[in-house]
Amino acid sequence: MSDAEVWQRYGWKEAPNLASIDELAKVRRELADRPKPDVTILARYLIPRLLDIDASSFNNISDKDRGIAEDVVRTILNACIDATPVESLLVEYQAPILATMLKAPTPLKVFLLDQIGSKIATNSTVAVELLTKEALAVSIAMTRQLVDPATSQMARHALVKLCSATPDAPTKLLGHSAVITELKTQLAAENSEARFRIHDLTAELVKISPTALTACVESSLLTALISELRRDGDILGQLNALELLAQMSADSSATAIRLHEMGIIPELHDLLATLTDRPDSGFLFPAVIRFFGYLARSRPVESLSAYPKFMQSVFDLVINFDRLDVAQRLLGFDTLAIIATTVDGKKQLSNLTGDYTNAMELSMKAFGKAICSGPIELRSRHLDALSSMVTLPLAQQTPELLELTKKWFQWLSDSPMEQIATYFKQPMLELRLAAGEIIKALAEQAWGQKMLAQCPGFLEHLLNRGTESEVNGRRTKYEIVKTLVDSTTIGDAFEAADVMKLRAYEKQGAFFVPIETQVAMEND
């Protein structure tokens with residue numbers, strides 16, 4: 001059946017002019033009214049022609065109309081692609097897909113990459129097809145789109161979905177010489193932004209699975225990222241590489257182990273030891289500290305014992321915070337909190353000996369002073385970090401760990417509970433919320449409940465709904481109450497009458513308004 005006969009079958013005198021907005025709109029309406037089998041037939045005509053549209057197709061219309069036309073084209077293509085079998089889409093229409101990747105307007109390229117990514121996410125058959133010899137050219141074309149800033153993000157997302165679709169997808173994709181040749185060509189660029197578009201892909205791929213990590217190592221993609229650290233004179237590139245490696249280590253212990261095997265972690269530790277004598281240390285030092293901080297979160301036992309210069313630097317930042325600028329002050333406290341986020345991190349910090357025997361006591365005392373000095377935003381950040389230090393979920397609680405968090409909290413000051421309770425009553429919402437998170441952490445631990453119960457005026461303030469008018473503030477109060485009520489040890493800390501008040505508050509919910517308050521509001 002010819003193209004003309006196809007369209008005559010559906011009531012058209014002739015095939016539509018796809019360079020006309022009016023006719024495109026008619027096609028869109030036609031498809032919307034047709035069952036899927038009909039759309040599948042029409043798609044055979046429409047897909048190759050719509051994908052053949054290039055940047056000059058709508059030159060004779062205004063920018064506004066061009067935008068409308070491109071939007072209509074995307075809508076039609078969406079309907080056609082949805083109605084087309086995967087094999088036909090990637091093999092039968094491969095030529096127009098490749099042409100689109102090469103010459104189509106950027107919005108259409110982005111749309112097509114998004115469509116392919118969506119297909120992969122909902123149907124693993126698409127991934128299988130893209131990794132076969134017949135459709136591999138489409139995968140290579142997607143890889144080439146990484147070089148264009150306008151399409152790189154969507155291309156990266158599509159490639160990550162492809163490598164996530166089946167267990168062997170990363171090995172197959174990165175095992176194809178044509179794919180690796182294309183990636184290495186982009187990695188050879190003098191422009192660091194172009195190289196880092198590939199490095200961003202590597203950073204996402206290694207998180208998928210151990211298989212994907214191995215594929216990135218064997219294809220030398222991870223080596224290429226590491227090599228950025230050794231580019232003399234490119235401080236920005238070194239910083240970006242450190243940030244990516246830090247996040248990769250934080251997300252995957254397997255990646256951290258592999259980086260250690262590749263020798264980069266000892267190399268960075270040696271770099272840290274020399275940074276104080278280098279003029280560029282102001283840029284690199286924070287990035288290296290953050291890297292080891294994230295590494296210590298995923299592998300605290302190995303990291304804190306194997307890399308002593310790191311902990312020495314962190315304790316120096318924390319204990320001497322009052323001599324530092326805001327950025328370094330935050331770096332110290334935030335990094336210590338990152339390490340203490342996990343139970344293993346807490347244990348390692350508590351087991352430090354030798355030169356660090358008193359380091360945690362001095363650090364917690366520094367916390368107690370830091371939350372009292374500086375702008376509100378700074379104090380709030382320190383309170384957030386402190387919350388990580390003393391948080392201990394019920395499932396992870398042991399007598400030893402409970403004693404540890406209690407000791408750390410008591411080291412803050414002579415009256416730490418009153419200090420935090422004061423912030424919980426501050427007029428600045430940011431401070432109230434940050435203090436509320438600490439109180440919520442205390443409410444989950446038996447020793448913390450006793451401190452809350454014994455803190456003068458705390459329970460009255462907590463149960464007084466009139467002391468909080470902000471939505472987030474009310475929600476925080478309710479979460480504290482619910483944490484207390486759900487605890488099996490609440491009766492050991494609070495009087496029976498107070499427990500009944502807490503249960504009543506929890507039952508009423510976060511946004512309950514007492515009747516007398518409602519009446520007062522109505523009278524006003």
# chains A, B, ... in the order shown; residues from 1 in each chain; ligands from 1

call {"tool": "select_by_dssp", "arguments": {"residues": "segment 266-449 of chain A", "states": "alpha helix (DSSP H)", "output": "JSON, numbers by chain"}}
result
{"A": [266, 267, 268, 269, 270, 271, 272, 273, 274, 281, 282, 283, 284, 285, 286, 287, 288, 289, 290, 291, 292, 293, 294, 295, 296, 297, 298, 300, 301, 302, 303, 304, 305, 306, 308, 309, 310, 311, 312, 313, 314, 315, 316, 317, 318, 319, 326, 327, 328, 329, 330, 331, 332, 333, 334, 335, 336, 337, 338, 339, 343, 344, 345, 346, 347, 348, 349, 350, 359, 360, 361, 362, 363, 364, 365, 366, 367, 368, 369, 370, 376, 377, 378, 379, 380, 381, 382, 383, 384, 385, 386, 387, 388, 389, 390, 399, 400, 401, 402, 403, 404, 405, 406, 407, 408, 409, 410, 416, 417, 418, 419, 420, 421, 422, 423, 424, 429, 430, 431, 432, 433, 434, 435, 436, 437, 438, 439, 440, 441, 442, 443, 446, 447, 448, 449]}

call {"tool": "residues_around", "arguments": {"residues": "Ile289 of chain A", "least_positions_apart": "2", "cutoff": "12 Å", "atoms": "only C-alpha atoms", "output": "JSON, numbers by chain"}}
result
{"A": [239, 242, 243, 246, 265, 268, 269, 271, 272, 273, 275, 281, 282, 283, 284, 285, 286, 287, 291, 292, 293, 294, 295, 296, 307, 309, 310, 311, 312, 313, 314, 315, 316, 317, 328, 330, 331, 332, 333, 334, 335, 336, 338, 339]}

call {"tool": "residues_around", "arguments": {"residues": "segment 401-413 of chain A", "least_positions_apart": "2", "cutoff": "10 Å", "atoms": "only C-alpha atoms", "output": "MDAnalysis selection string"}}
result
chainID A and resid 343 346:347 350 360:371 386:387 389:392 396:399 415:419 442 445:448

call {"tool": "write_last_selection", "arguments": {"atoms": "N, CA, C and O atoms", "output": "compact mmCIF listing (two decimals), in the first residue's frame"}}
result
# COMPACT_ATOMS: atom_id res chain seq x y z
N VAL A 343 26.91 3.80 62.66
CA VAL A 343 27.30 3.18 63.94
C VAL A 343 28.79 2.85 63.94
O VAL A 343 29.50 3.09 64.93
N LYS A 346 30.78 5.93 64.54
CA LYS A 346 30.77 6.32 65.96
C LYS A 346 31.74 5.46 66.77
O LYS A 346 32.50 5.96 67.62
N LYS A 347 31.71 4.15 66.50
CA LYS A 347 32.61 3.24 67.24
C LYS A 347 34.06 3.59 66.99
O LYS A 347 34.88 3.62 67.92
N SER A 350 35.16 6.66 68.80
CA SER A 350 35.28 6.46 70.25
C SER A 350 36.49 5.63 70.62
O SER A 350 36.95 5.67 71.76
N MET A 360 37.90 13.53 70.85
CA MET A 360 36.44 13.62 70.77
C MET A 360 35.87 14.49 71.87
O MET A 360 34.91 15.24 71.64
N GLU A 361 36.43 14.43 73.06
CA GLU A 361 35.95 15.31 74.13
C GLU A 361 36.17 16.77 73.75
O GLU A 361 35.27 17.62 73.91
N LEU A 362 37.35 17.07 73.25
CA LEU A 362 37.64 18.45 72.83
C LEU A 362 36.76 18.86 71.66
O LEU A 362 36.32 20.02 71.58
N SER A 363 36.47 17.93 70.76
CA SER A 363 35.62 18.24 69.61
C SER A 363 34.18 18.53 70.04
O SER A 363 33.54 19.45 69.52
N MET A 364 33.65 17.75 70.95
CA MET A 364 32.28 17.98 71.41
C MET A 364 32.18 19.29 72.19
O MET A 364 31.18 20.02 72.09
N LYS A 365 33.21 19.62 72.96
CA LYS A 365 33.21 20.92 73.64
C LYS A 365 33.24 22.05 72.62
O LYS A 365 32.61 23.10 72.81
N ALA A 366 33.99 21.83 71.51
CA ALA A 366 34.01 22.82 70.44
C ALA A 366 32.63 22.95 69.81
O ALA A 366 32.18 24.06 69.48
N PHE A 367 31.93 21.82 69.65
CA PHE A 367 30.54 21.86 69.15
C PHE A 367 29.70 22.75 70.06
O PHE A 367 28.91 23.58 69.58
N GLY A 368 29.83 22.54 71.37
CA GLY A 368 29.03 23.32 72.33
C GLY A 368 29.27 24.81 72.22
O GLY A 368 28.34 25.61 72.39
N LYS A 369 30.50 25.20 71.91
CA LYS A 369 30.81 26.62 71.74
C LYS A 369 30.37 27.12 70.37
O LYS A 369 29.89 28.25 70.23
N ALA A 370 30.55 26.29 69.32
CA ALA A 370 30.25 26.73 67.96
C ALA A 370 28.77 27.01 67.75
O ALA A 370 28.41 27.93 67.01
N ILE A 371 27.89 26.24 68.39
CA ILE A 371 26.46 26.46 68.20
C ILE A 371 25.99 27.74 68.88
O ILE A 371 24.84 28.15 68.71
N LEU A 386 25.47 18.37 64.73
CA LEU A 386 25.40 17.80 66.07
C LEU A 386 24.31 16.73 66.14
O LEU A 386 24.47 15.70 66.82
N SER A 387 23.22 16.95 65.42
CA SER A 387 22.15 15.96 65.39
C SER A 387 22.66 14.62 64.88
O SER A 387 22.32 13.56 65.41
N MET A 389 25.65 13.54 65.15
CA MET A 389 26.56 12.98 66.15
C MET A 389 25.81 12.16 67.21
O MET A 389 26.30 11.12 67.66
N VAL A 390 24.64 12.62 67.61
CA VAL A 390 23.95 11.98 68.74
C VAL A 390 22.76 11.12 68.32
O VAL A 390 22.11 10.51 69.16
N THR A 391 22.48 11.05 67.01
CA THR A 391 21.37 10.21 66.54
C THR A 391 21.76 8.74 66.64
O THR A 391 22.84 8.34 66.20
N LEU A 392 20.85 7.94 67.20
CA LEU A 392 21.09 6.50 67.33
C LEU A 392 19.74 5.78 67.21
O LEU A 392 19.00 5.65 68.19
N GLN A 396 19.60 0.10 66.25
CA GLN A 396 21.06 0.05 66.38
C GLN A 396 21.55 0.27 67.81
O GLN A 396 22.75 0.28 68.07
N GLN A 397 20.62 0.44 68.72
CA GLN A 397 21.00 0.78 70.09
C GLN A 397 21.53 -0.43 70.85
O GLN A 397 20.95 -1.51 70.83
N THR A 398 22.67 -0.21 71.50
CA THR A 398 23.24 -1.18 72.44
C THR A 398 23.63 -0.39 73.68
O THR A 398 23.77 0.84 73.63
N PRO A 399 23.82 -1.06 74.81
CA PRO A 399 24.23 -0.31 76.02
C PRO A 399 25.50 0.50 75.80
O PRO A 399 25.61 1.64 76.28
N SER A 415 25.64 22.35 80.95
CA SER A 415 24.19 22.08 80.95
C SER A 415 23.71 21.96 79.50
O SER A 415 23.02 22.85 78.98
N PRO A 416 24.07 20.89 78.80
CA PRO A 416 23.76 20.76 77.38
C PRO A 416 22.26 20.72 77.06
O PRO A 416 21.82 21.28 76.06
N MET A 417 21.48 20.06 77.94
CA MET A 417 20.06 19.95 77.65
C MET A 417 19.39 21.31 77.68
O MET A 417 18.58 21.65 76.82
N GLU A 418 19.71 22.12 78.69
CA GLU A 418 19.15 23.47 78.78
C GLU A 418 19.59 24.32 77.59
O GLU A 418 18.83 25.14 77.07
N GLN A 419 20.82 24.09 77.12
CA GLN A 419 21.35 24.82 75.98
C GLN A 419 20.53 24.53 74.72
O GLN A 419 20.13 25.46 73.99
N LEU A 442 17.28 12.68 70.91
CA LEU A 442 17.33 12.37 72.34
C LEU A 442 16.08 11.62 72.78
O LEU A 442 16.14 10.74 73.65
N GLN A 445 16.21 7.81 72.79
CA GLN A 445 17.17 7.12 73.65
C GLN A 445 16.78 7.31 75.11
O GLN A 445 16.40 8.42 75.52
N ALA A 446 16.87 6.26 75.89
CA ALA A 446 16.39 6.28 77.28
C ALA A 446 17.06 7.39 78.09
O ALA A 446 16.38 8.10 78.84
N TRP A 447 18.37 7.54 77.95
CA TRP A 447 19.04 8.60 78.72
C TRP A 447 18.59 9.98 78.27
O TRP A 447 18.48 10.90 79.09
N GLY A 448 18.30 10.12 76.97
CA GLY A 448 17.83 11.40 76.46
C GLY A 448 16.44 11.74 76.98
O GLY A 448 16.14 12.90 77.28

call {"tool": "closest_residue", "arguments": {"among": "A:Lys482, A:Gln426, A:Leu205, A:Ala188", "to": "His461 of chain A", "atoms": "only C-alpha atoms"}}
result
A:Gln426

call {"tool": "residues_around", "arguments": {"residues": "Leu433 of chain A", "least_positions_apart": "2", "cutoff": "9 Å", "atoms": "only C-alpha atoms", "output": "ChimeraX atom specification"}}
result
/A:380,423-424,428-431,435-438,472-473,476

call {"tool": "write_last_selection", "arguments": {"atoms": "N, CA, C and O atoms", "output": "CSV table (one decimal), in the first residue's frame"}}
result
chain,number,residue,atom,x,y,z
A,380,SER,N,22.9,27.1,62.8
A,380,SER,CA,21.9,26.1,62.4
A,380,SER,C,22.6,24.9,61.7
A,380,SER,O,22.3,23.7,62.0
A,423,TYR,N,17.5,26.9,72.4
A,423,TYR,CA,17.4,27.1,70.9
A,423,TYR,C,16.0,26.6,70.4
A,423,TYR,O,15.5,27.2,69.5
A,424,PHE,N,15.4,25.6,71.1
A,424,PHE,CA,14.1,25.1,70.7
A,424,PHE,C,13.0,26.2,70.9
A,424,PHE,O,11.9,26.1,70.3
A,428,MET,N,13.7,32.4,65.9
A,428,MET,CA,14.2,32.1,64.5
A,428,MET,C,13.8,30.6,64.2
A,428,MET,O,14.3,29.7,64.9
A,429,LEU,N,12.9,30.4,63.2
A,429,LEU,CA,12.5,29.1,62.9
A,429,LEU,C,13.6,28.1,62.6
A,429,LEU,O,13.6,27.0,62.9
A,430,GLU,N,14.6,28.6,61.9
A,430,GLU,CA,15.8,27.8,61.4
A,430,GLU,C,16.4,27.2,62.7
A,430,GLU,O,16.8,26.0,62.6
A,431,LEU,N,16.6,27.9,63.7
A,431,LEU,CA,17.2,27.4,64.9
A,431,LEU,C,16.3,26.4,65.6
A,431,LEU,O,16.7,25.4,66.2
A,435,ALA,N,17.3,22.6,66.4
A,435,ALA,CA,17.3,22.1,67.8
A,435,ALA,C,16.3,20.9,67.9
A,435,ALA,O,16.5,20.0,68.7
A,436,GLY,N,15.1,21.1,67.2
A,436,GLY,CA,14.1,20.0,67.3
A,436,GLY,C,14.6,18.7,66.8
A,436,GLY,O,14.2,17.6,67.4
A,437,GLU,N,15.5,18.7,65.8
A,437,GLU,CA,16.0,17.4,65.3
A,437,GLU,C,16.9,16.7,66.4
A,437,GLU,O,16.9,15.5,66.5
A,438,ILE,N,17.7,17.6,67.1
A,438,ILE,CA,18.5,17.0,68.2
A,438,ILE,C,17.6,16.4,69.3
A,438,ILE,O,17.8,15.3,69.8
A,472,ASN,N,6.1,23.8,59.7
A,472,ASN,CA,7.3,22.9,59.9
A,472,ASN,C,7.6,22.8,61.4
A,472,ASN,O,8.0,21.7,61.9
A,473,GLY,N,7.4,23.9,62.1
A,473,GLY,CA,7.6,23.8,63.6
A,473,GLY,C,6.6,22.9,64.3
A,473,GLY,O,7.0,22.2,65.2
A,476,THR,N,7.5,19.3,63.6
A,476,THR,CA,8.7,18.9,64.4
A,476,THR,C,8.2,18.6,65.8
A,476,THR,O,8.7,17.6,66.4

call {"tool": "residues_around", "arguments": {"residues": "segment 118-120 of chain A", "least_positions_apart": "5", "cutoff": "12 Å", "atoms": "only C-alpha atoms", "output": "PyMOL selection string"}}
result
chain A and resi 78+81-87+89-90+111-113+125-131+139+154-155+157-166+169

call {"tool": "residues_around", "arguments": {"residues": "Met262 of chain A", "least_positions_apart": "3", "cutoff": "10 Å", "atoms": "only C-alpha atoms", "output": "MDAnalysis selection string"}}
result
chainID A and resid 217 222:223 226 256:259 265:267

call {"tool": "residues_around", "arguments": {"residues": "Arg156 of chain A", "least_positions_apart": "5", "cutoff": "12 Å", "atoms": "only C-alpha atoms", "output": "JSON, numbers by chain"}}
result
{"A": [110, 113, 114, 116, 117, 139, 141, 142, 143, 144, 145, 146, 147, 148, 149, 150, 151, 161, 162, 163, 196, 197, 198, 199, 200, 201, 202, 203, 204, 205]}

call {"tool": "closest_residue", "arguments": {"among": "A:Ile76, A:Ser152, A:Leu51, A:Ala224", "to": "Thr185 of chain A", "atoms": "only C-alpha atoms"}}
result
A:Ala224

call {"tool": "decode", "arguments": {"residues": "segment 463-485 of chain A", "atoms": "N, CA, C and O atoms", "output": "PDB file, in the first residue's frame"}}
result
ATOM      1  N   LEU A 463       4.294  20.863  74.896  1.00  0.00           N
ATOM      2  CA  LEU A 463       2.857  20.582  74.817  1.00  0.00           C
ATOM      3  C   LEU A 463       2.010  21.816  74.574  1.00  0.00           C
ATOM      4  O   LEU A 463       0.816  21.700  74.262  1.00  0.00           O
ATOM      5  N   ASN A 464       2.602  22.992  74.698  1.00  0.00           N
ATOM      6  CA  ASN A 464       1.864  24.241  74.476  1.00  0.00           C
ATOM      7  C   ASN A 464       1.813  24.541  72.983  1.00  0.00           C
ATOM      8  O   ASN A 464       2.783  24.995  72.397  1.00  0.00           O
ATOM      9  N   ARG A 465       0.684  24.300  72.353  1.00  0.00           N
ATOM     10  CA  ARG A 465       0.565  24.509  70.908  1.00  0.00           C
ATOM     11  C   ARG A 465       0.651  25.981  70.535  1.00  0.00           C
ATOM     12  O   ARG A 465       0.951  26.317  69.392  1.00  0.00           O
ATOM     13  N   GLY A 466       0.422  26.829  71.477  1.00  0.00           N
ATOM     14  CA  GLY A 466       0.466  28.267  71.192  1.00  0.00           C
ATOM     15  C   GLY A 466       1.872  28.808  71.010  1.00  0.00           C
ATOM     16  O   GLY A 466       2.046  29.952  70.564  1.00  0.00           O
ATOM     17  N   THR A 467       2.877  28.015  71.336  1.00  0.00           N
ATOM     18  CA  THR A 467       4.256  28.497  71.196  1.00  0.00           C
ATOM     19  C   THR A 467       4.819  28.272  69.804  1.00  0.00           C
ATOM     20  O   THR A 467       5.939  28.686  69.522  1.00  0.00           O
ATOM     21  N   GLU A 468       4.057  27.633  68.932  1.00  0.00           N
ATOM     22  CA  GLU A 468       4.544  27.382  67.575  1.00  0.00           C
ATOM     23  C   GLU A 468       3.444  27.654  66.548  1.00  0.00           C
ATOM     24  O   GLU A 468       2.369  27.060  66.621  1.00  0.00           O
ATOM     25  N   SER A 469       3.726  28.558  65.597  1.00  0.00           N
ATOM     26  CA  SER A 469       2.734  28.903  64.584  1.00  0.00           C
ATOM     27  C   SER A 469       3.114  28.417  63.186  1.00  0.00           C
ATOM     28  O   SER A 469       2.277  28.374  62.294  1.00  0.00           O
ATOM     29  N   GLU A 470       4.376  28.045  62.975  1.00  0.00           N
ATOM     30  CA  GLU A 470       4.830  27.613  61.657  1.00  0.00           C
ATOM     31  C   GLU A 470       4.507  26.131  61.421  1.00  0.00           C
ATOM     32  O   GLU A 470       4.578  25.317  62.343  1.00  0.00           O
ATOM     33  N   VAL A 471       4.168  25.808  60.171  1.00  0.00           N
ATOM     34  CA  VAL A 471       3.801  24.434  59.820  1.00  0.00           C
ATOM     35  C   VAL A 471       4.929  23.461  60.139  1.00  0.00           C
ATOM     36  O   VAL A 471       4.722  22.425  60.789  1.00  0.00           O
ATOM     37  N   ASN A 472       6.138  23.779  59.700  1.00  0.00           N
ATOM     38  CA  ASN A 472       7.263  22.872  59.941  1.00  0.00           C
ATOM     39  C   ASN A 472       7.590  22.762  61.430  1.00  0.00           C
ATOM     40  O   ASN A 472       8.002  21.705  61.909  1.00  0.00           O
ATOM     41  N   GLY A 473       7.403  23.866  62.141  1.00  0.00           N
ATOM     42  CA  GLY A 473       7.637  23.843  63.575  1.00  0.00           C
ATOM     43  C   GLY A 473       6.640  22.941  64.285  1.00  0.00           C
ATOM     44  O   GLY A 473       7.001  22.176  65.194  1.00  0.00           O
ATOM     45  N   ARG A 474       5.373  23.023  63.898  1.00  0.00           N
ATOM     46  CA  ARG A 474       4.347  22.166  64.504  1.00  0.00           C
ATOM     47  C   ARG A 474       4.606  20.687  64.177  1.00  0.00           C
ATOM     48  O   ARG A 474       4.417  19.814  65.021  1.00  0.00           O
ATOM     49  N   ARG A 475       5.047  20.457  62.943  1.00  0.00           N
ATOM     50  CA  ARG A 475       5.336  19.080  62.550  1.00  0.00           C
ATOM     51  C   ARG A 475       6.506  18.519  63.368  1.00  0.00           C
ATOM     52  O   ARG A 475       6.478  17.361  63.788  1.00  0.00           O
ATOM     53  N   THR A 476       7.517  19.345  63.597  1.00  0.00           N
ATOM     54  CA  THR A 476       8.667  18.900  64.389  1.00  0.00           C
ATOM     55  C   THR A 476       8.244  18.579  65.823  1.00  0.00           C
ATOM     56  O   THR A 476       8.653  17.568  66.392  1.00  0.00           O
ATOM     57  N   LYS A 477       7.428  19.448  66.416  1.00  0.00           N
ATOM     58  CA  LYS A 477       6.929  19.178  67.767  1.00  0.00           C
ATOM     59  C   LYS A 477       6.196  17.842  67.827  1.00  0.00           C
ATOM     60  O   LYS A 477       6.397  17.028  68.732  1.00  0.00           O
ATOM     61  N   TYR A 478       5.336  17.631  66.837  1.00  0.00           N
ATOM     62  CA  TYR A 478       4.552  16.393  66.824  1.00  0.00           C
ATOM     63  C   TYR A 478       5.468  15.174  66.693  1.00  0.00           C
ATOM     64  O   TYR A 478       5.250  14.140  67.354  1.00  0.00           O
ATOM     65  N   GLU A 479       6.488  15.264  65.858  1.00  0.00           N
ATOM     66  CA  GLU A 479       7.406  14.136  65.669  1.00  0.00           C
ATOM     67  C   GLU A 479       8.147  13.813  66.965  1.00  0.00           C
ATOM     68  O   GLU A 479       8.401  12.642  67.268  1.00  0.00           O
ATOM     69  N   ILE A 480       8.496  14.849  67.723  1.00  0.00           N
ATOM     70  CA  ILE A 480       9.149  14.622  69.024  1.00  0.00           C
ATOM     71  C   ILE A 480       8.196  13.885  69.970  1.00  0.00           C
ATOM     72  O   ILE A 480       8.573  12.897  70.608  1.00  0.00           O
ATOM     73  N   VAL A 481       6.954  14.380  70.029  1.00  0.00           N
ATOM     74  CA  VAL A 481       5.956  13.754  70.906  1.00  0.00           C
ATOM     75  C   VAL A 481       5.716  12.308  70.499  1.00  0.00           C
ATOM     76  O   VAL A 481       5.678  11.393  71.345  1.00  0.00           O
ATOM     77  N   LYS A 482       5.561  12.084  69.195  1.00  0.00           N
ATOM     78  CA  LYS A 482       5.297  10.722  68.724  1.00  0.00           C
ATOM     79  C   LYS A 482       6.471   9.792  69.027  1.00  0.00           C
ATOM     80  O   LYS A 482       6.275   8.627  69.391  1.00  0.00           O
ATOM     81  N   THR A 483       7.687  10.285  68.888  1.00  0.00           N
ATOM     82  CA  THR A 483       8.860   9.480  69.217  1.00  0.00           C
ATOM     83  C   THR A 483       8.839   9.072  70.682  1.00  0.00           C
ATOM     84  O   THR A 483       9.130   7.920  71.035  1.00  0.00           O
ATOM     85  N   LEU A 484       8.480  10.014  71.540  1.00  0.00           N
ATOM     86  CA  LEU A 484       8.382   9.709  72.976  1.00  0.00           C
ATOM     87  C   LEU A 484       7.282   8.701  73.252  1.00  0.00           C
ATOM     88  O   LEU A 484       7.481   7.711  73.976  1.00  0.00           O
ATOM     89  N   VAL A 485       6.112   8.947  72.667  1.00  0.00           N
ATOM     90  CA  VAL A 485       4.959   8.078  72.923  1.00  0.00           C
ATOM     91  C   VAL A 485       5.207   6.656  72.429  1.00  0.00           C
ATOM     92  O   VAL A 485       4.787   5.674  73.061  1.00  0.00           O
TER      93      VAL A 485
END
